[in-house]
Amino acid sequence: MFPEKSWDIIRPHVLSILRLMNNTGRPSSVLTRRTRRYHFYMFLRNMELEDDYFMESWTQDRRIWTMAMYASHLCTGHTIKGKPIRSSTVKEYLHDVATFILCNIGIDPRFESGEFKLADPIKKVITEYERWEKQPNRRAPWTVAMQQHLDKVRSCN
């Protein structure tokens, strides 16, 4: 149905769509994975990293750092619904994106070459976010005492 000269170019896209269509998960989970992948590609576009959407020509270091930046982006509330999410959900976002890329180029962008654990930059972001989640009063960390101290310091200058 498409011109023969475009077959090599469109093949990864067609395969991705077929994999999504053949997915046996619940319809809502399939939609969630698809939406998360779309969100990642919007992140790439907004960061002007759209030179290779499947990361095929990138080095593994660049893939890892891009995924770490995306994790950081998610941790700061830049999610699909614009609401804070838990660290486990951040890992699920990364997994959904990595699965899609793995299906297309055969490389998981979260792992160091030959290893099956999160690369250090990604792990550091997730670990820091998990630490932050455990902090009490993280929703309103600014206190009256802090403001009074700041006012006092300002008046001394």
# chains A, B, ... in the order shown; residues from 1 in each chain; ligands from 1
>>> residues_around(residues="Ile64 of chain A", least_positions_apart="6", cutoff="7 Å", atoms="only C-alpha atoms", output="ChimeraX atom specification")
/A:109-110,119
>>> write_last_selection(atoms="N, CA and C atoms", output="mmCIF file, in the first residue's frame")
data_model
loop_
_atom_site.group_PDB
_atom_site.id
_atom_site.type_symbol
_atom_site.label_atom_id
_atom_site.label_comp_id
_atom_site.auth_asym_id
_atom_site.auth_seq_id
_atom_site.Cartn_x
_atom_site.Cartn_y
_atom_site.Cartn_z
ATOM 1 N N PRO A 109 17.388 1.590 26.572
ATOM 2 C CA PRO A 109 18.094 2.846 26.858
ATOM 3 C C PRO A 109 18.292 3.145 28.341
ATOM 4 N N ARG A 110 17.811 2.274 29.224
ATOM 5 C CA ARG A 110 17.967 2.509 30.665
ATOM 6 C C ARG A 110 19.206 1.836 31.241
ATOM 7 N N ALA A 119 21.101 2.289 34.899
ATOM 8 C CA ALA A 119 22.375 3.010 34.837
ATOM 9 C C ALA A 119 22.421 4.050 35.955
#
>>> residues_around(residues="segment 75-88 of chain A", least_positions_apart="4", cutoff="7 Å", atoms="only C-alpha atoms", output="PyMOL selection string")
chain A and resi 39+71+92+126+129-130
>>> residues_around(residues="segment 104-107 of chain A", least_positions_apart="6", cutoff="10 Å", atoms="only C-alpha atoms", output="ChimeraX atom specification")
/A:11-13,15-16,54-57,60,63,98,113-114
>>> write_last_selection(atoms="C-alpha atoms", output="PDB file, in the first residue's frame")
ATOM      1  CA  ARG A  11       9.174  -0.507   8.632  1.00  0.00           C
ATOM      2  CA  PRO A  12      10.018   0.300  12.314  1.00  0.00           C
ATOM      3  CA  HIS A  13       6.890   2.438  12.608  1.00  0.00           C
ATOM      4  CA  LEU A  15       6.141  -2.884  13.403  1.00  0.00           C
ATOM      5  CA  SER A  16       5.578  -0.659  16.439  1.00  0.00           C
ATOM      6  CA  PHE A  54      14.187   5.806  18.156  1.00  0.00           C
ATOM      7  CA  MET A  55      17.674   6.704  19.491  1.00  0.00           C
ATOM      8  CA  GLU A  56      19.148   4.329  16.921  1.00  0.00           C
ATOM      9  CA  SER A  57      22.129   6.504  15.960  1.00  0.00           C
ATOM     10  CA  GLN A  60      24.345   4.410  24.841  1.00  0.00           C
ATOM     11  CA  ARG A  63      20.368   7.284  25.627  1.00  0.00           C
ATOM     12  CA  ALA A  98      12.298   1.641  27.018  1.00  0.00           C
ATOM     13  CA  SER A 113      25.638  -2.154  27.779  1.00  0.00           C
ATOM     14  CA  GLY A 114      25.542  -5.796  28.861  1.00  0.00           C
TER      15      GLY A 114
END
>>> atom_distance(atom1="atom CA of Met47 of chain A", atom2="atom CA of Ala68 of chain A")
13.3 Å
>>> decode(residues="segment 65-111 of chain A", atoms="N, CA and C atoms", output="tab-separated table (two decimals), in the first residue's frame")
chain	number	residue	atom	x	y	z
A	65	TRP	N	21.51	9.22	29.50
A	65	TRP	CA	21.35	10.58	30.02
A	65	TRP	C	20.00	11.18	29.60
A	66	THR	N	19.52	10.84	28.43
A	66	THR	CA	18.21	11.32	28.00
A	66	THR	C	17.13	10.72	28.88
A	67	MET	N	17.24	9.44	29.18
A	67	MET	CA	16.26	8.80	30.06
A	67	MET	C	16.33	9.37	31.48
A	68	ALA	N	17.53	9.69	31.93
A	68	ALA	CA	17.70	10.30	33.26
A	68	ALA	C	17.06	11.69	33.29
A	69	MET	N	17.26	12.46	32.22
A	69	MET	CA	16.63	13.78	32.15
A	69	MET	C	15.11	13.66	32.11
A	70	TYR	N	14.61	12.65	31.40
A	70	TYR	CA	13.18	12.43	31.34
A	70	TYR	C	12.64	12.04	32.72
A	71	ALA	N	13.37	11.20	33.45
A	71	ALA	CA	12.97	10.83	34.81
A	71	ALA	C	12.92	12.07	35.70
A	72	SER	N	13.93	12.91	35.60
A	72	SER	CA	13.95	14.15	36.37
A	72	SER	C	12.77	15.05	35.99
A	73	HIS	N	12.48	15.11	34.72
A	73	HIS	CA	11.35	15.88	34.21
A	73	HIS	C	10.04	15.38	34.84
A	74	LEU	N	9.88	14.07	34.91
A	74	LEU	CA	8.68	13.47	35.51
A	74	LEU	C	8.61	13.75	37.01
A	75	CYS	N	9.75	13.66	37.67
A	75	CYS	CA	9.80	13.85	39.12
A	75	CYS	C	9.43	15.27	39.53
A	76	THR	N	9.57	16.22	38.63
A	76	THR	CA	9.24	17.60	38.95
A	76	THR	C	7.81	17.96	38.57
A	77	GLY	N	6.98	16.93	38.33
A	77	GLY	CA	5.56	17.15	38.09
A	77	GLY	C	5.16	17.32	36.64
A	78	HIS	N	6.08	17.15	35.73
A	78	HIS	CA	5.77	17.29	34.30
A	78	HIS	C	5.29	15.94	33.77
A	79	THR	N	4.13	15.55	34.22
A	79	THR	CA	3.56	14.26	33.83
A	79	THR	C	2.42	14.49	32.85
A	80	ILE	N	1.80	13.41	32.45
A	80	ILE	CA	0.69	13.51	31.50
A	80	ILE	C	-0.42	14.39	32.04
A	81	LYS	N	-0.78	14.19	33.30
A	81	LYS	CA	-1.86	14.97	33.91
A	81	LYS	C	-1.35	16.20	34.66
A	82	GLY	N	-0.03	16.38	34.68
A	82	GLY	CA	0.54	17.55	35.35
A	82	GLY	C	0.49	17.46	36.86
A	83	LYS	N	0.41	16.24	37.38
A	83	LYS	CA	0.35	16.05	38.84
A	83	LYS	C	1.56	15.23	39.28
A	84	PRO	N	1.98	15.42	40.53
A	84	PRO	CA	3.10	14.62	41.05
A	84	PRO	C	2.74	13.13	41.02
A	85	ILE	N	3.73	12.31	40.75
A	85	ILE	CA	3.54	10.86	40.74
A	85	ILE	C	4.57	10.22	41.65
A	86	ARG	N	4.36	8.97	42.00
A	86	ARG	CA	5.28	8.25	42.87
A	86	ARG	C	6.48	7.74	42.06
A	87	SER	N	7.54	7.40	42.77
A	87	SER	CA	8.75	6.92	42.10
A	87	SER	C	8.48	5.62	41.33
A	88	SER	N	7.60	4.78	41.85
A	88	SER	CA	7.27	3.54	41.13
A	88	SER	C	6.61	3.85	39.79
A	89	THR	N	5.82	4.91	39.73
A	89	THR	CA	5.18	5.30	38.48
A	89	THR	C	6.20	5.88	37.52
A	90	VAL	N	7.19	6.60	38.04
A	90	VAL	CA	8.27	7.12	37.19
A	90	VAL	C	8.98	5.94	36.53
A	91	LYS	N	9.25	4.89	37.31
A	91	LYS	CA	9.90	3.70	36.76
A	91	LYS	C	9.03	3.07	35.68
A	92	GLU	N	7.71	3.08	35.87
A	92	GLU	CA	6.81	2.51	34.86
A	92	GLU	C	6.82	3.34	33.58
A	93	TYR	N	6.86	4.67	33.71
A	93	TYR	CA	6.99	5.53	32.52
A	93	TYR	C	8.26	5.14	31.75
A	94	LEU	N	9.38	5.03	32.47
A	94	LEU	CA	10.65	4.70	31.83
A	94	LEU	C	10.59	3.31	31.19
A	95	HIS	N	9.96	2.37	31.87
A	95	HIS	CA	9.83	1.02	31.33
A	95	HIS	C	9.03	1.02	30.04
A	96	ASP	N	7.92	1.75	30.02
A	96	ASP	CA	7.08	1.79	28.82
A	96	ASP	C	7.82	2.39	27.63
A	97	VAL	N	8.57	3.44	27.87
A	97	VAL	CA	9.36	4.05	26.80
A	97	VAL	C	10.48	3.11	26.36
A	98	ALA	N	11.18	2.53	27.33
A	98	ALA	CA	12.30	1.64	27.02
A	98	ALA	C	11.83	0.41	26.24
A	99	THR	N	10.68	-0.13	26.59
A	99	THR	CA	10.14	-1.29	25.87
A	99	THR	C	9.90	-0.95	24.41
A	100	PHE	N	9.36	0.21	24.17
A	100	PHE	CA	9.08	0.65	22.81
A	100	PHE	C	10.37	0.79	22.00
A	101	ILE	N	11.37	1.41	22.61
A	101	ILE	CA	12.64	1.61	21.92
A	101	ILE	C	13.35	0.26	21.73
A	102	LEU	N	13.29	-0.59	22.75
A	102	LEU	CA	13.90	-1.92	22.66
A	102	LEU	C	13.31	-2.73	21.51
A	103	CYS	N	12.01	-2.63	21.32
A	103	CYS	CA	11.35	-3.35	20.21
A	103	CYS	C	11.82	-2.85	18.86
A	104	ASN	N	12.23	-1.60	18.78
A	104	ASN	CA	12.61	-1.02	17.50
A	104	ASN	C	14.09	-1.12	17.18
A	105	ILE	N	14.94	-1.00	18.19
A	105	ILE	CA	16.38	-1.03	17.89
A	105	ILE	C	17.12	-2.14	18.64
A	106	GLY	N	16.44	-2.85	19.53
A	106	GLY	CA	17.07	-3.96	20.24
A	106	GLY	C	17.99	-3.55	21.37
A	107	ILE	N	17.88	-2.32	21.83
A	107	ILE	CA	18.73	-1.82	22.92
A	107	ILE	C	17.83	-1.14	23.95
A	108	ASP	N	18.03	-1.49	25.23
A	108	ASP	CA	17.26	-0.85	26.30
A	108	ASP	C	18.00	0.42	26.71
A	109	PRO	N	17.39	1.59	26.57
A	109	PRO	CA	18.09	2.85	26.86
A	109	PRO	C	18.29	3.15	28.34
A	110	ARG	N	17.81	2.27	29.22
A	110	ARG	CA	17.97	2.51	30.67
A	110	ARG	C	19.21	1.84	31.24
A	111	PHE	N	19.75	0.86	30.54
A	111	PHE	CA	20.81	0.03	31.09
A	111	PHE	C	22.15	0.30	30.43
